[in-house]
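Notes follow the structure.
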Amino acid sequence: IGDLVALTELAKGRYTVVEETVKTGHRVRGMTLGEVILPENCLISGIIREGILLAAQPELVILAGDMMVGICASGMVDELSEILEKELN
């Protein structure tokens with residue numbers, strides 16, 4: 001799982017809480033949360049930016065250094081990691 005960190009499991013292991021710090025080269029940098037197509041049963045619940053928790057809103061722009069916090073079905077963690085960590089070509 002690249003740099004995506006699994007923090008804890010919920011619902012007897014069915015879901016995993018994850019965090020990913022956005023890097024300059026990540027494709028999602030500069031996109032809004034609404035533009036990011038997530039795998040089924042995955043969501044971004046918020047972004048921590050400069051120590052401040054921002055609630056997930058479709059119009060929120062993702063910046064380098066943002067820590068994205070999400071929840072996904074445990075079997076989708078790798079797929080979520082691939083989407084969030086995909087580099088610009």
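For the structure tokens, the naming scheme is as follows: chains receive sequential letters (A, B, ...) according to their order of presentation, residues are indexed from 1 within each chain, and ligands are indexed from 1 in presentation order.
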Within 7 Å of A:Glu20 using only C-alpha atoms, minus same-chain residues under 5 positions, as a PyMOL selection string:
chain A and resi 3-5+67-69
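Ranking A:Arg27, A:Asn41, A:Gly51, A:Glu19 by their shortest atom-to-atom distance to A:Leu7, with only C-alpha atoms included, puts A:Glu19 first.
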Tell me which protein, DNA and RNA residues are within 10 Å of A:Gly30, counting only C-alpha atoms, leaving out same-chain ones fewer than 2 positions away, and put them as a VMD selection string.
chain A and resid 24 26 to 28 32 to 33 35 60 to 64
Counting only C-alpha atoms, figure out which residue out of A:Ala55, A:Leu84, A:Ile44, A:Ile71 gets nearest to A:Ala11.
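Checking each of A:Ala55, A:Leu84, A:Ile44, A:Ile71 against A:Ala11, counting only C-alpha atoms, the winner is A:Ile71.
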Please provide as a PyMOL selection string all residues within 8 Å of stretch 36-39 of chain A, with the sequence filter that same-chain residues fewer than 5 positions apart are discarded (counting only C-alpha atoms).
chain A and resi 28+31+76+79-80+83
Just list the residues in stretch 37-72 of chain A DSSP gives strand (DSSP E) on the backbone, as a short mmCIF file (atom, residue, chain, number, x, y, z; two decimals) with all heavy atoms, in the first residue's frame.
data_model
loop_
_atom_site.label_atom_id
_atom_site.label_comp_id
_atom_site.auth_asym_id
_atom_site.auth_seq_id
_atom_site.Cartn_x
_atom_site.Cartn_y
_atom_site.Cartn_z
N CYS A 42 -15.89 3.49 -0.72
CA CYS A 42 -14.81 4.33 -0.20
C CYS A 42 -15.28 5.77 -0.17
O CYS A 42 -16.01 6.20 -1.06
CB CYS A 42 -13.56 4.24 -1.08
SG CYS A 42 -12.78 2.62 -1.11
N LEU A 43 -14.85 6.51 0.83
CA LEU A 43 -15.15 7.94 0.87
C LEU A 43 -14.03 8.67 1.58
O LEU A 43 -13.30 8.10 2.38
CB LEU A 43 -16.49 8.22 1.55
CG LEU A 43 -16.67 7.81 3.01
CD1 LEU A 43 -16.17 8.89 3.95
CD2 LEU A 43 -18.14 7.56 3.28
N ILE A 44 -13.88 9.95 1.25
CA ILE A 44 -12.97 10.83 1.96
C ILE A 44 -13.84 11.60 2.94
O ILE A 44 -14.78 12.28 2.55
CB ILE A 44 -12.24 11.79 0.99
CG1 ILE A 44 -11.42 11.01 -0.04
CG2 ILE A 44 -11.35 12.75 1.78
CD1 ILE A 44 -10.37 10.08 0.53
N SER A 45 -13.54 11.48 4.22
CA SER A 45 -14.38 12.11 5.24
C SER A 45 -13.89 13.50 5.61
O SER A 45 -14.66 14.30 6.15
CB SER A 45 -14.45 11.23 6.48
OG SER A 45 -13.15 10.92 6.95
N GLY A 46 -12.63 13.79 5.33
CA GLY A 46 -12.12 15.11 5.65
C GLY A 46 -10.68 15.27 5.21
O GLY A 46 -10.03 14.32 4.77
N ILE A 47 -10.20 16.49 5.31
CA ILE A 47 -8.81 16.82 5.00
C ILE A 47 -8.26 17.61 6.18
O ILE A 47 -8.92 18.51 6.69
CB ILE A 47 -8.72 17.65 3.70
CG1 ILE A 47 -9.02 16.76 2.50
CG2 ILE A 47 -7.35 18.32 3.57
CD1 ILE A 47 -8.97 17.47 1.16
N ILE A 48 -7.06 17.23 6.60
CA ILE A 48 -6.37 18.01 7.62
C ILE A 48 -5.33 18.86 6.88
O ILE A 48 -4.45 18.32 6.22
CB ILE A 48 -5.72 17.11 8.68
CG1 ILE A 48 -6.81 16.28 9.37
CG2 ILE A 48 -4.92 17.95 9.68
CD1 ILE A 48 -6.28 15.23 10.32
N ARG A 49 -5.50 20.16 6.97
CA ARG A 49 -4.63 21.11 6.26
C ARG A 49 -4.03 22.07 7.29
O ARG A 49 -4.77 22.78 7.96
CB ARG A 49 -5.43 21.88 5.21
CG ARG A 49 -4.60 22.89 4.43
CD ARG A 49 -5.43 23.59 3.38
NE ARG A 49 -5.82 22.65 2.34
CZ ARG A 49 -6.88 22.81 1.54
NH1 ARG A 49 -7.65 23.88 1.66
NH2 ARG A 49 -7.17 21.90 0.63
N ILE A 52 -5.58 21.95 10.66
CA ILE A 52 -7.01 22.25 10.78
C ILE A 52 -7.81 21.21 10.02
O ILE A 52 -7.53 20.92 8.85
CB ILE A 52 -7.31 23.66 10.24
CG1 ILE A 52 -6.54 24.70 11.06
CG2 ILE A 52 -8.81 23.95 10.26
CD1 ILE A 52 -6.57 26.09 10.48
N LEU A 53 -8.82 20.63 10.69
CA LEU A 53 -9.68 19.64 10.06
C LEU A 53 -10.74 20.33 9.22
O LEU A 53 -11.49 21.19 9.72
CB LEU A 53 -10.36 18.76 11.12
CG LEU A 53 -11.34 17.73 10.60
CD1 LEU A 53 -10.65 16.72 9.68
CD2 LEU A 53 -12.03 17.03 11.76
N LEU A 54 -10.78 20.00 7.95
CA LEU A 54 -11.78 20.53 7.02
C LEU A 54 -12.75 19.40 6.66
O LEU A 54 -12.31 18.33 6.24
CB LEU A 54 -11.11 21.06 5.75
CG LEU A 54 -10.01 22.11 5.97
CD1 LEU A 54 -9.30 22.41 4.65
CD2 LEU A 54 -10.59 23.36 6.58
N ALA A 55 -14.04 19.63 6.82
CA ALA A 55 -15.03 18.63 6.44
C ALA A 55 -15.00 18.43 4.93
O ALA A 55 -14.81 19.39 4.17
CB ALA A 55 -16.42 19.08 6.89
N MET A 67 -3.55 16.15 4.38
CA MET A 67 -3.72 14.78 4.83
C MET A 67 -5.18 14.41 4.60
O MET A 67 -6.07 14.97 5.24
CB MET A 67 -3.36 14.61 6.30
CG MET A 67 -3.54 13.18 6.78
SD MET A 67 -3.23 13.00 8.55
CE MET A 67 -1.51 13.43 8.61
N MET A 68 -5.41 13.51 3.66
CA MET A 68 -6.77 13.08 3.36
C MET A 68 -7.11 11.91 4.29
O MET A 68 -6.33 10.97 4.42
CB MET A 68 -6.88 12.64 1.91
CG MET A 68 -6.54 13.76 0.94
SD MET A 68 -6.56 13.23 -0.78
CE MET A 68 -8.32 13.09 -1.04
N VAL A 69 -8.26 12.00 4.95
CA VAL A 69 -8.71 10.95 5.86
C VAL A 69 -9.95 10.32 5.26
O VAL A 69 -10.87 11.02 4.85
CB VAL A 69 -9.01 11.52 7.26
CG1 VAL A 69 -9.48 10.41 8.19
CG2 VAL A 69 -7.78 12.23 7.83
N GLY A 70 -9.95 9.00 5.17
CA GLY A 70 -11.07 8.32 4.54
C GLY A 70 -11.43 7.02 5.21
O GLY A 70 -10.74 6.54 6.12
N ILE A 71 -12.51 6.45 4.75
CA ILE A 71 -12.98 5.15 5.20
C ILE A 71 -13.30 4.35 3.95
O ILE A 71 -13.93 4.87 3.02
CB ILE A 71 -14.26 5.28 6.07
CG1 ILE A 71 -13.99 6.17 7.28
CG2 ILE A 71 -14.76 3.90 6.50
CD1 ILE A 71 -15.23 6.55 8.05
N CYS A 72 -12.87 3.09 3.93
CA CYS A 72 -13.21 2.27 2.78
C CYS A 72 -13.37 0.81 3.21
O CYS A 72 -12.90 0.41 4.27
CB CYS A 72 -12.16 2.40 1.67
SG CYS A 72 -10.55 1.77 2.06
#
Would you list the contacts of A:Gly75 as a PDB file with C-alpha atoms, in the first residue's frame, taking every protein, DNA or RNA residue within 9 Å and counting only C-alpha atoms, but skipping same-chain residues closer than 4 positions in sequence?
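File around.pdb, as written:
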ATOM      1  CA  ARG A  14     -15.201  -4.758   7.206  1.00  0.00           C
ATOM      2  CA  TYR A  15     -14.007  -1.148   6.886  1.00  0.00           C
ATOM      3  CA  THR A  16     -10.631   0.537   7.336  1.00  0.00           C
ATOM      4  CA  GLU A  79      -7.370   0.355  -5.011  1.00  0.00           C
TER       5      GLU A  79
END
